[in-house]
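Structure file protein-v3.txt (compact mmCIF, C-alpha atoms) is printed below.
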# COMPACT_ATOMS: atom_id res chain seq x y z
CA MET A 20 149.07 139.05 88.20
CA LEU A 21 148.84 141.87 90.73
CA MET A 22 145.49 142.74 92.28
CA PRO A 23 144.28 146.28 91.47
CA PRO A 24 143.85 148.52 94.54
CA PHE A 25 140.47 148.54 96.30
CA GLU A 26 139.15 149.10 99.80
CA LEU A 27 137.73 145.99 101.47
CA HIS A 28 134.82 146.38 103.93
CA HIS A 29 133.73 143.81 106.53
CA PRO A 30 130.17 144.51 107.77
CA THR A 31 129.08 142.22 110.61
CA SER A 32 125.31 142.37 110.07
CA VAL A 33 122.84 142.63 107.21
CA ALA A 34 121.81 146.12 108.36
CA GLU A 35 125.44 147.31 108.41
CA ALA A 36 126.04 145.89 104.92
CA VAL A 37 122.97 147.64 103.53
CA ASP A 38 123.90 150.95 105.20
CA LEU A 39 127.42 150.69 103.80
CA ALA A 40 126.12 150.04 100.28
CA SER A 41 123.76 153.02 100.58
CA SER A 42 126.59 155.27 101.74
CA LEU A 43 128.85 154.28 98.84
CA MET A 44 126.05 154.82 96.33
CA GLU A 45 125.30 158.27 97.77
CA GLN A 46 128.97 159.16 97.24
CA GLY A 47 128.86 157.87 93.67
CA LEU A 48 131.42 155.17 94.43
CA GLY A 49 131.33 151.81 92.66
CA PHE A 50 131.52 148.56 94.63
CA ASP A 51 131.14 144.80 94.38
CA TRP A 52 129.88 142.22 96.86
CA VAL A 53 132.19 139.29 97.54
CA ALA A 54 131.45 135.96 99.21
CA GLY A 55 134.08 133.27 98.58
CA GLY A 56 135.87 135.35 95.95
CA THR A 57 136.65 132.48 93.56
CA ASP A 58 134.97 134.35 90.69
CA VAL A 59 135.32 138.03 91.62
CA LEU A 60 139.00 138.06 92.60
CA PRO A 61 140.39 136.33 89.46
CA ASN A 62 138.39 138.80 87.38
CA TYR A 63 139.93 141.68 89.32
CA LYS A 64 143.42 140.29 88.66
CA TRP A 65 142.57 140.31 84.95
CA ARG A 66 141.37 143.92 85.34
CA ILE A 67 137.84 142.91 84.35
CA ASN A 68 135.61 145.75 85.57
CA PRO A 69 137.25 146.19 89.01
CA GLN A 70 135.59 148.53 91.52
CA PRO A 71 137.27 150.81 94.09
CA HIS A 72 135.32 149.21 96.97
CA VAL A 73 134.49 145.59 97.79
CA ILE A 74 132.01 144.57 100.52
CA SER A 75 132.61 141.14 102.03
CA LEU A 76 129.66 139.13 103.37
CA ALA A 77 131.93 136.76 105.32
CA ALA A 78 131.33 138.28 108.75
CA ILE A 79 127.52 138.24 108.54
CA GLU A 80 126.32 135.35 110.71
CA GLU A 81 122.95 134.99 108.97
CA ALA A 82 124.72 134.45 105.63
CA HIS A 83 126.31 131.23 106.99
CA SER A 84 123.01 129.59 108.01
CA LEU A 85 122.62 126.03 106.72
CA LEU A 86 119.29 124.26 107.15
CA PRO A 87 117.62 121.68 104.87
CA THR A 88 115.22 124.28 103.45
CA SER A 89 117.31 127.45 103.91
CA ILE A 90 120.89 127.96 102.74
CA GLY A 91 122.79 131.19 103.34
CA CYS A 92 124.83 132.86 100.63
CA MET A 93 128.13 132.26 102.49
CA VAL A 94 127.69 128.48 102.84
CA ARG A 95 130.69 126.78 101.23
CA LEU A 96 130.03 124.27 98.49
CA ASP A 97 131.88 121.55 100.37
CA ALA A 98 129.31 121.94 103.18
CA LEU A 99 126.48 120.83 100.87
CA THR A 100 126.50 117.25 102.08
CA ALA A 101 123.96 114.62 103.10
CA ASP A 102 125.31 114.82 106.66
CA ASN A 103 124.13 118.46 106.77
CA GLY A 104 120.64 117.51 105.62
CA VAL A 105 121.06 118.98 102.14
CA HIS A 106 118.87 117.68 99.31
CA PRO A 107 120.64 114.84 97.42
CA LEU A 108 120.36 116.69 94.09
CA LEU A 109 122.23 119.69 95.52
CA VAL A 110 124.83 117.36 97.02
CA GLU A 111 125.35 115.79 93.59
CA ALA A 112 125.57 119.15 91.82
CA ALA A 113 127.95 120.72 94.33
CA ALA A 114 130.31 117.74 94.07
CA LYS A 115 130.62 118.42 90.32
CA VAL A 116 131.74 122.03 90.76
CA ALA A 117 135.43 122.73 90.01
CA SER A 118 137.90 120.96 92.34
CA SER A 119 137.73 119.99 96.02
CA LEU A 120 140.09 122.84 96.90
CA ILE A 121 137.91 125.46 95.19
CA ARG A 122 134.76 124.02 96.80
CA LYS A 123 136.26 124.83 100.20
CA SER A 124 136.19 128.54 99.29
CA ALA A 125 133.39 128.85 96.74
CA THR A 126 129.95 129.68 98.10
CA VAL A 127 126.31 129.08 97.24
CA GLY A 128 125.65 132.79 96.76
CA GLY A 129 128.71 133.23 94.60
CA ASN A 130 127.76 130.32 92.37
CA LEU A 131 124.21 131.62 91.90
CA CYS A 132 125.48 135.15 91.15
CA LEU A 133 128.34 133.95 88.96
CA ASP A 134 129.46 136.45 86.33
CA THR A 135 128.74 135.39 82.76
CA ARG A 136 131.71 134.18 80.74
CA CYS A 137 132.96 134.65 77.17
CA PHE A 138 136.14 134.11 75.12
CA TRP A 139 136.45 137.83 74.52
CA TYR A 140 135.77 138.88 78.11
CA ASN A 141 137.61 136.44 80.37
CA GLN A 142 141.09 137.44 79.28
CA GLY A 143 143.81 139.68 80.66
CA GLU A 144 143.65 143.42 80.05
CA ASP A 145 146.66 143.43 77.69
CA TRP A 146 145.10 140.68 75.56
CA ARG A 147 141.77 142.49 75.36
CA ARG A 148 143.46 145.78 74.48
CA SER A 149 145.52 144.12 71.72
CA ILE A 150 142.44 142.95 69.78
CA ASP A 151 140.10 145.84 70.63
CA TRP A 152 137.52 145.73 73.40
CA CYS A 153 134.24 143.82 73.64
CA HIS A 154 130.79 145.16 74.47
CA LYS A 155 130.87 143.94 78.08
CA ALA A 156 134.31 145.34 78.95
CA ASP A 157 134.61 148.21 76.49
CA CYS A 158 136.48 150.70 78.75
CA GLY A 159 134.17 153.44 77.50
CA THR A 160 134.89 152.82 73.83
CA GLY A 161 131.38 151.71 72.87
CA ALA A 162 132.81 148.53 71.34
CA ASP A 163 130.58 146.03 69.55
CA CYS A 164 129.99 142.47 70.70
CA ARG A 165 132.72 140.16 69.34
CA VAL A 166 130.39 137.13 69.21
CA ILE A 167 127.54 138.83 67.34
CA PRO A 168 129.28 141.56 65.32
CA ASN A 169 127.93 145.01 64.55
CA GLN A 170 125.73 145.34 67.60
CA ASN A 171 126.35 146.76 71.07
CA THR A 172 122.90 146.51 72.60
CA LEU A 173 123.02 142.93 73.93
CA CYS A 174 125.78 140.90 75.57
CA VAL A 175 125.57 137.16 74.92
CA ALA A 176 128.19 136.06 77.48
CA THR A 177 127.22 132.65 78.87
CA TYR A 178 126.11 131.81 82.41
CA GLN A 179 128.14 128.75 83.50
CA GLY A 180 127.02 128.08 87.08
CA ASP A 181 126.12 124.57 88.26
CA LEU A 182 123.80 125.09 91.22
CA ALA A 183 121.13 127.30 89.64
CA PRO A 184 119.37 124.69 87.44
CA ASN A 185 119.30 122.24 90.34
CA PHE A 186 117.79 124.76 92.72
CA MET A 187 115.29 125.68 89.99
CA VAL A 188 113.95 122.16 89.53
CA LEU A 189 113.45 121.95 93.30
CA GLY A 190 111.32 125.12 93.27
CA ALA A 191 113.83 127.32 95.12
CA SER A 192 113.36 131.00 95.92
CA VAL A 193 116.00 133.64 96.58
CA HIS A 194 115.87 136.31 99.29
CA LEU A 195 117.34 139.63 98.19
CA ILE A 196 118.02 142.53 100.50
CA GLY A 197 119.16 146.09 99.88
CA PRO A 198 118.42 149.76 100.61
CA GLN A 199 114.82 149.33 99.42
CA GLY A 200 114.16 146.45 101.81
CA GLU A 201 113.87 142.68 101.42
CA ARG A 202 112.12 140.81 98.65
CA GLN A 203 111.68 137.17 97.66
CA LEU A 204 111.20 135.69 94.21
CA PRO A 205 111.53 132.30 92.48
CA LEU A 206 115.09 131.60 91.41
CA SER A 207 113.78 131.04 87.86
CA GLU A 208 112.88 134.77 87.78
CA PHE A 209 116.21 135.96 89.20
CA TYR A 210 118.23 135.93 85.98
CA ALA A 211 118.18 138.50 83.16
CA LEU A 212 118.72 137.52 79.52
CA ASP A 213 121.69 139.85 79.11
CA GLY A 214 125.29 138.88 79.80
CA MET A 215 126.02 142.31 81.27
CA LYS A 216 123.02 142.72 83.57
CA LYS A 217 123.05 139.00 84.55
CA ASN A 218 120.27 139.17 87.13
CA VAL A 219 117.58 141.39 88.63
CA LEU A 220 119.61 142.66 91.59
CA GLU A 221 119.01 146.38 92.07
CA PRO A 222 121.88 148.74 93.00
CA GLY A 223 122.96 147.95 96.56
CA GLU A 224 121.12 144.60 96.75
CA PHE A 225 122.69 141.25 97.47
CA LEU A 226 121.43 137.66 97.64
CA LEU A 227 121.17 136.74 101.32
CA LYS A 228 119.88 133.17 101.13
CA VAL A 229 118.03 130.62 99.05
CA THR A 230 115.08 128.62 100.38
CA LEU A 231 113.36 125.42 99.31
CA PRO A 232 109.72 124.40 99.75
CA GLU A 233 109.02 121.35 101.91
CA GLU A 234 107.79 119.63 98.74
CA ALA A 235 111.36 119.65 97.41
CA PHE A 236 112.27 116.70 99.63
CA SER A 237 109.61 114.59 97.92
CA ARG A 238 111.55 114.99 94.69
CA VAL A 239 114.21 112.76 93.18
CA GLY A 240 116.71 114.52 90.94
CA SER A 241 119.65 114.14 88.60
CA TYR A 242 122.25 116.59 87.26
CA GLN A 243 124.17 115.78 84.09
CA LYS A 244 127.15 117.95 83.14
CA LEU A 245 129.35 118.33 80.08
CA ARG A 246 132.81 119.78 80.74
CA VAL A 247 136.29 119.57 79.27
CA ARG A 248 137.99 118.17 82.42
CA ASP A 249 136.09 116.29 85.10
CA SER A 250 138.05 117.77 87.99
CA TRP A 251 138.08 121.44 87.12
CA ASP A 252 136.04 123.13 84.41
CA PHE A 253 132.89 125.17 84.27
CA PRO A 254 130.00 123.34 82.57
CA GLU A 255 129.85 123.57 78.78
CA ALA A 256 126.28 122.30 79.06
CA GLY A 257 124.25 121.09 82.01
CA VAL A 258 120.80 119.58 82.48
CA ALA A 259 119.03 119.15 85.83
CA ALA A 260 115.79 117.24 86.26
CA SER A 261 113.56 116.31 89.19
CA TRP A 262 110.18 114.73 89.78
CA ILE A 263 108.04 113.16 92.46
CA PRO A 264 108.37 109.45 91.66
CA SER A 265 105.56 107.99 89.57
CA GLN A 266 104.07 111.48 88.99
CA PRO A 267 105.17 112.52 85.47
CA GLU A 268 103.21 115.76 85.72
CA SER A 269 105.60 116.88 88.48
CA LEU A 270 108.64 116.73 86.15
CA LYS A 271 110.87 119.81 86.00
CA ILE A 272 113.89 120.29 83.74
CA ALA A 273 116.38 123.17 83.69
CA SER A 274 119.53 123.84 81.67
CA THR A 275 122.71 125.83 82.22
CA ALA A 276 125.82 126.98 80.29
CA LEU A 277 123.85 127.27 77.05
CA GLU A 278 122.68 130.89 77.17
CA SER A 279 123.12 134.07 79.22
CA ILE A 280 120.81 132.57 81.85
CA PRO A 281 120.05 129.17 83.35
CA ARG A 282 116.60 128.27 82.05
CA LEU A 283 113.65 126.36 83.53
CA HIS A 284 111.88 124.55 80.68
CA ASN A 285 108.30 124.42 81.94
CA GLU A 286 106.67 125.02 78.55
CA GLU A 287 108.70 122.38 76.72
CA VAL A 288 108.11 119.84 79.49
CA SER A 289 104.34 120.46 79.60
CA LYS A 290 103.90 120.14 75.83
CA THR A 291 105.97 116.97 75.62
CA LEU A 292 104.23 115.35 78.57
CA ALA A 293 100.88 116.04 76.90
CA SER A 294 101.92 114.47 73.59
CA ASN A 295 104.52 111.82 74.46
CA GLY A 296 104.50 111.42 78.21
CA MET A 297 107.83 111.13 80.01
CA GLU A 298 109.54 109.62 76.99
CA PRO A 299 113.28 110.46 77.16
CA VAL A 300 113.90 110.80 73.40
CA ALA A 301 110.94 113.12 72.80
CA MET A 302 111.73 115.21 75.90
CA ALA A 303 115.39 115.48 74.88
CA ALA A 304 114.39 116.70 71.43
CA ALA A 305 112.16 119.39 72.94
CA ILE A 306 114.89 120.73 75.23
CA HIS A 307 117.43 120.58 72.39
CA LYS A 308 115.14 122.70 70.20
CA ALA A 309 114.69 125.33 72.93
CA VAL A 310 118.34 126.17 73.66
CA LYS A 311 120.52 128.43 71.53
CA PRO A 312 124.20 128.43 72.58
CA VAL A 313 126.66 130.77 70.88
CA ASN A 314 130.35 130.44 70.05
CA ASN A 315 131.97 131.91 73.16
CA THR A 316 133.04 128.97 75.35
CA ALA A 317 135.59 126.16 75.00
CA LEU A 318 133.42 123.76 72.97
CA PRO A 319 131.57 124.60 69.72
CA PRO A 320 127.90 125.59 70.10
CA ARG A 321 126.70 122.89 67.72
CA TYR A 322 128.34 120.18 69.82
CA ARG A 323 127.09 121.67 73.12
CA ARG A 324 123.55 121.87 71.76
CA SER A 325 123.75 118.32 70.41
CA MET A 326 124.90 117.06 73.81
CA VAL A 327 121.77 118.52 75.42
CA LYS A 328 119.87 115.55 73.99
CA THR A 329 122.27 113.10 75.61
CA LEU A 330 122.32 114.89 78.95
CA THR A 331 118.51 115.12 79.07
CA LYS A 332 118.08 111.44 78.30
CA ARG A 333 120.63 110.51 80.95
CA ALA A 334 118.89 112.70 83.54
CA LEU A 335 115.44 111.27 82.80
CA ARG A 336 116.64 107.68 82.85
CA ALA A 337 118.35 108.34 86.18
CA LEU A 338 115.02 109.59 87.56
CA GLN A 339 113.15 106.54 86.29
CA GLN A 340 115.77 104.18 87.68
CA GLY A 341 115.57 105.98 91.02
CA GLU A 342 111.89 105.23 91.47
Since I need it in another form, could you write the structure as structure tokens?
Amino acid sequence: MLMPPFELHHPTSVAEAVDLASSLMEQGLGFDWVAGGTDVLPNYKWRINPQPHVISLAAIEEAHSLLPTSIGCMVRLDALTADNGVHPLLVEAAAKVASSLIRKSATVGGNLCLDTRCFWYNQGEDWRRSIDWCHKADCGTGADCRVIPNQNTLCVATYQGDLAPNFMVLGASVHLIGPQGERQLPLSEFYALDGMKKNVLEPGEFLLKVTLPEEAFSRVGSYQKLRVRDSWDFPEAGVAASWIPSQPESLKIASTALESIPRLHNEEVSKTLASNGMEPVAMAAAIHKAVKPVNNTALPPRYRRSMVKTLTKRALRALQQGE
């Protein structure tokens, strides 16, 4: 498929990128940020909400920074290795993303800001036109959601990124920068429960880096992923867990590919620890009850939700065996 026309910009500093975004907004011109492009560019080829301007972060030196507790948005997934001092849980998760070839281009920032996905959205323009539009890509028609009919107020497209739940259980924060300045917030507060909005980025903002607390390296973790093909696909369900060995109260569990956001399950974990301790079956049942997948990915929602129990038990047993 041919790429739609757009103007590509290459700022060489954070300040230049922010100024460029401000200038485009003042002119009323739409734009996207691009890091590795493995998500944005295929969507453009499918004519999924393309913009006339694209701002690349590739030439910004700070975006390539890779330290044990600070990872820039342009760091490639294949650079998340033990040799580079990266936390073992992130090394495990990154190795399960797509294929080795894609991991050489895909980036940390791109994976965290991944567009939500849906049967009715991730299709070519001709296909979408032939069956009528969906709420997320309605081309101004005001179309209803195809997954939950007769409503066009909420998009339930699914977030299918791998890294987010793993960063969450390590207590990661994201650093956002834009025309209004820089701000920092926990990654668990970055996502918005709406498949169209996706996250809390304001107009002109981008995710510059993600940081980990020193305490993260006291944690042992495990990431369990359900996908159709081991060497390629987005997760159909994913469960990440971490704890400080022999300290059940430190347990954190997060899920992905089950809703419009990756979710940190603090409430479910706390209640189950209080009543059953770190018992895998009880904890798995609590996480299973909390998630509500819909029918918009390759595997049926009932099966994906059922597999959450299995993935949670596998993750917890991996933690206990890793003591």
Box for stretch 189-206 of chain A - axis-aligned, 5 Å on each of the six sides, all listed atoms - centre and size in Å to one decimal, as AutoDock Vina command-line options.
--center_x 115.2 --center_y 135.9 --center_z 96.6 --size_x 18.0 --size_y 37.8 --size_z 20.4
Under the rule that all atoms listed in the file are counted, which of A:Val37, A:Leu245, A:Leu335, A:Leu21 is the nearest residue to A:Gln179? A:Leu245
If you measure from atom CA of A:Phe138 to atom CA of A:Asn315, what distance in Å do you get, rounded to one decimal? 5.1 Å
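Compared by their closest atoms to A:Glu298, and using all atoms listed in the file, the residues A:Cys158, A:Met326, A:Ala334, A:Ile150 rank with A:Ala334 nearest.
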With all atoms listed in the file as the counted atoms, please give the residues lying no more than 10 Å from stretch 240-244 of chain A, apart from itself and same-chain residues fewer than 6 positions off, as a PDB file with C-alpha atoms, in the coordinates of the input.
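out39.pdb, freshly written:
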ATOM      1  CA  HIS A 106     118.870 117.680  99.310  1.00  0.00           C
ATOM      2  CA  PRO A 107     120.640 114.840  97.420  1.00  0.00           C
ATOM      3  CA  LEU A 108     120.360 116.690  94.090  1.00  0.00           C
ATOM      4  CA  LEU A 109     122.230 119.690  95.520  1.00  0.00           C
ATOM      5  CA  GLU A 111     125.350 115.790  93.590  1.00  0.00           C
ATOM      6  CA  ALA A 112     125.570 119.150  91.820  1.00  0.00           C
ATOM      7  CA  ALA A 113     127.950 120.720  94.330  1.00  0.00           C
ATOM      8  CA  LYS A 115     130.620 118.420  90.320  1.00  0.00           C
ATOM      9  CA  VAL A 116     131.740 122.030  90.760  1.00  0.00           C
ATOM     10  CA  ASP A 181     126.120 124.570  88.260  1.00  0.00           C
ATOM     11  CA  LEU A 182     123.800 125.090  91.220  1.00  0.00           C
ATOM     12  CA  PRO A 184     119.370 124.690  87.440  1.00  0.00           C
ATOM     13  CA  ASN A 185     119.300 122.240  90.340  1.00  0.00           C
ATOM     14  CA  VAL A 188     113.950 122.160  89.530  1.00  0.00           C
ATOM     15  CA  LEU A 189     113.450 121.950  93.300  1.00  0.00           C
ATOM     16  CA  PHE A 253     132.890 125.170  84.270  1.00  0.00           C
ATOM     17  CA  PRO A 254     130.000 123.340  82.570  1.00  0.00           C
ATOM     18  CA  GLU A 255     129.850 123.570  78.780  1.00  0.00           C
ATOM     19  CA  ALA A 256     126.280 122.300  79.060  1.00  0.00           C
ATOM     20  CA  GLY A 257     124.250 121.090  82.010  1.00  0.00           C
ATOM     21  CA  VAL A 258     120.800 119.580  82.480  1.00  0.00           C
ATOM     22  CA  ALA A 259     119.030 119.150  85.830  1.00  0.00           C
ATOM     23  CA  ALA A 260     115.790 117.240  86.260  1.00  0.00           C
ATOM     24  CA  SER A 261     113.560 116.310  89.190  1.00  0.00           C
ATOM     25  CA  TRP A 262     110.180 114.730  89.780  1.00  0.00           C
ATOM     26  CA  ILE A 263     108.040 113.160  92.460  1.00  0.00           C
ATOM     27  CA  PRO A 264     108.370 109.450  91.660  1.00  0.00           C
ATOM     28  CA  LEU A 270     108.640 116.730  86.150  1.00  0.00           C
ATOM     29  CA  LYS A 271     110.870 119.810  86.000  1.00  0.00           C
ATOM     30  CA  ILE A 272     113.890 120.290  83.740  1.00  0.00           C
ATOM     31  CA  ALA A 273     116.380 123.170  83.690  1.00  0.00           C
ATOM     32  CA  SER A 274     119.530 123.840  81.670  1.00  0.00           C
ATOM     33  CA  THR A 275     122.710 125.830  82.220  1.00  0.00           C
ATOM     34  CA  ALA A 276     125.820 126.980  80.290  1.00  0.00           C
ATOM     35  CA  MET A 326     124.900 117.060  73.810  1.00  0.00           C
ATOM     36  CA  VAL A 327     121.770 118.520  75.420  1.00  0.00           C
ATOM     37  CA  THR A 329     122.270 113.100  75.610  1.00  0.00           C
ATOM     38  CA  LEU A 330     122.320 114.890  78.950  1.00  0.00           C
ATOM     39  CA  THR A 331     118.510 115.120  79.070  1.00  0.00           C
ATOM     40  CA  LYS A 332     118.080 111.440  78.300  1.00  0.00           C
ATOM     41  CA  ARG A 333     120.630 110.510  80.950  1.00  0.00           C
ATOM     42  CA  ALA A 334     118.890 112.700  83.540  1.00  0.00           C
ATOM     43  CA  LEU A 335     115.440 111.270  82.800  1.00  0.00           C
ATOM     44  CA  ARG A 336     116.640 107.680  82.850  1.00  0.00           C
ATOM     45  CA  ALA A 337     118.350 108.340  86.180  1.00  0.00           C
ATOM     46  CA  LEU A 338     115.020 109.590  87.560  1.00  0.00           C
ATOM     47  CA  GLN A 339     113.150 106.540  86.290  1.00  0.00           C
ATOM     48  CA  GLY A 341     115.570 105.980  91.020  1.00  0.00           C
TER      49      GLY A 341
END
Could you give me, as a ChimeraX atom specification, the residues within 6 Å of A:Thr135, counting all atoms listed in the file and dropping anything in the same chain fewer than 2 positions from it? /A:176-178,214
How would the residues just chosen look if you wrote them out with C-alpha atoms as a JSON list (two decimals), in the coordinates of the input?
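File produced: part.json:
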[["chain", "number", "residue", "atom", "x", "y", "z"],
["A", 176, "ALA", "CA", 128.19, 136.06, 77.48],
["A", 177, "THR", "CA", 127.22, 132.65, 78.87],
["A", 178, "TYR", "CA", 126.11, 131.81, 82.41],
["A", 214, "GLY", "CA", 125.29, 138.88, 79.80]]
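Taking atom CA of A:Pro24 as the reference point, atom CA of A:Arg66 is found at 10.6 Å.
Interatomic distance, atom CA of A:Trp251 to atom CA of A:Phe209: 26.3 Å.
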Between A:Trp139, A:Gly159, A:Arg323, A:Gly128, which has the minimum distance to A:Val247 (counting all atoms listed in the file)? A:Arg323
Shortest contact to A:Ala183, candidates A:Asn285, A:Asn130, A:Thr31, A:Ser119, atoms counted all atoms listed in the file, goes to A:Asn130
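Distances from A:Gln70, A:Pro267, A:Phe186, A:Asp157 to A:Val110 were compared using all atoms listed in the file, and the smallest one belongs to A:Phe186.
Remark: for A:Gly55, the closest of the candidate residues A:Lys217, A:His83, A:Arg165, A:His307 is A:His83 (distances computed over only C-alpha atoms).
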Give me the residues of stretch 77-181 of chain A that have any atom at most 9 Å from an atom of stretch 220-237 of chain A; for each, the nearest atom pair and the distance in Å, rounded to one decimal. Use only C-alpha atoms, sort by chain and number, and format it as JSON lines.
{"residue": "A:Glu81", "atom": "CA", "partner": "A:Leu227", "partner_atom": "CA", "distance": 8.0}
{"residue": "A:Ala82", "atom": "CA", "partner": "A:Leu227", "partner_atom": "CA", "distance": 6.0}
{"residue": "A:His83", "atom": "CA", "partner": "A:Lys228", "partner_atom": "CA", "distance": 8.9}
{"residue": "A:Ser84", "atom": "CA", "partner": "A:Lys228", "partner_atom": "CA", "distance": 8.4}
{"residue": "A:Pro87", "atom": "CA", "partner": "A:Leu231", "partner_atom": "CA", "distance": 7.9}
{"residue": "A:Thr88", "atom": "CA", "partner": "A:Leu231", "partner_atom": "CA", "distance": 4.7}
{"residue": "A:Ser89", "atom": "CA", "partner": "A:Thr230", "partner_atom": "CA", "distance": 4.3}
{"residue": "A:Ile90", "atom": "CA", "partner": "A:Val229", "partner_atom": "CA", "distance": 5.4}
{"residue": "A:Gly91", "atom": "CA", "partner": "A:Lys228", "partner_atom": "CA", "distance": 4.2}
{"residue": "A:Cys92", "atom": "CA", "partner": "A:Lys228", "partner_atom": "CA", "distance": 5.0}
{"residue": "A:Met93", "atom": "CA", "partner": "A:Leu227", "partner_atom": "CA", "distance": 8.4}
{"residue": "A:His106", "atom": "CA", "partner": "A:Phe236", "partner_atom": "CA", "distance": 6.7}
{"residue": "A:Pro107", "atom": "CA", "partner": "A:Phe236", "partner_atom": "CA", "distance": 8.9}
{"residue": "A:Val127", "atom": "CA", "partner": "A:Lys228", "partner_atom": "CA", "distance": 8.6}
{"residue": "A:Gly128", "atom": "CA", "partner": "A:Leu226", "partner_atom": "CA", "distance": 6.5}
{"residue": "A:Leu131", "atom": "CA", "partner": "A:Leu226", "partner_atom": "CA", "distance": 8.8}
{"residue": "A:Cys132", "atom": "CA", "partner": "A:Leu226", "partner_atom": "CA", "distance": 8.1}
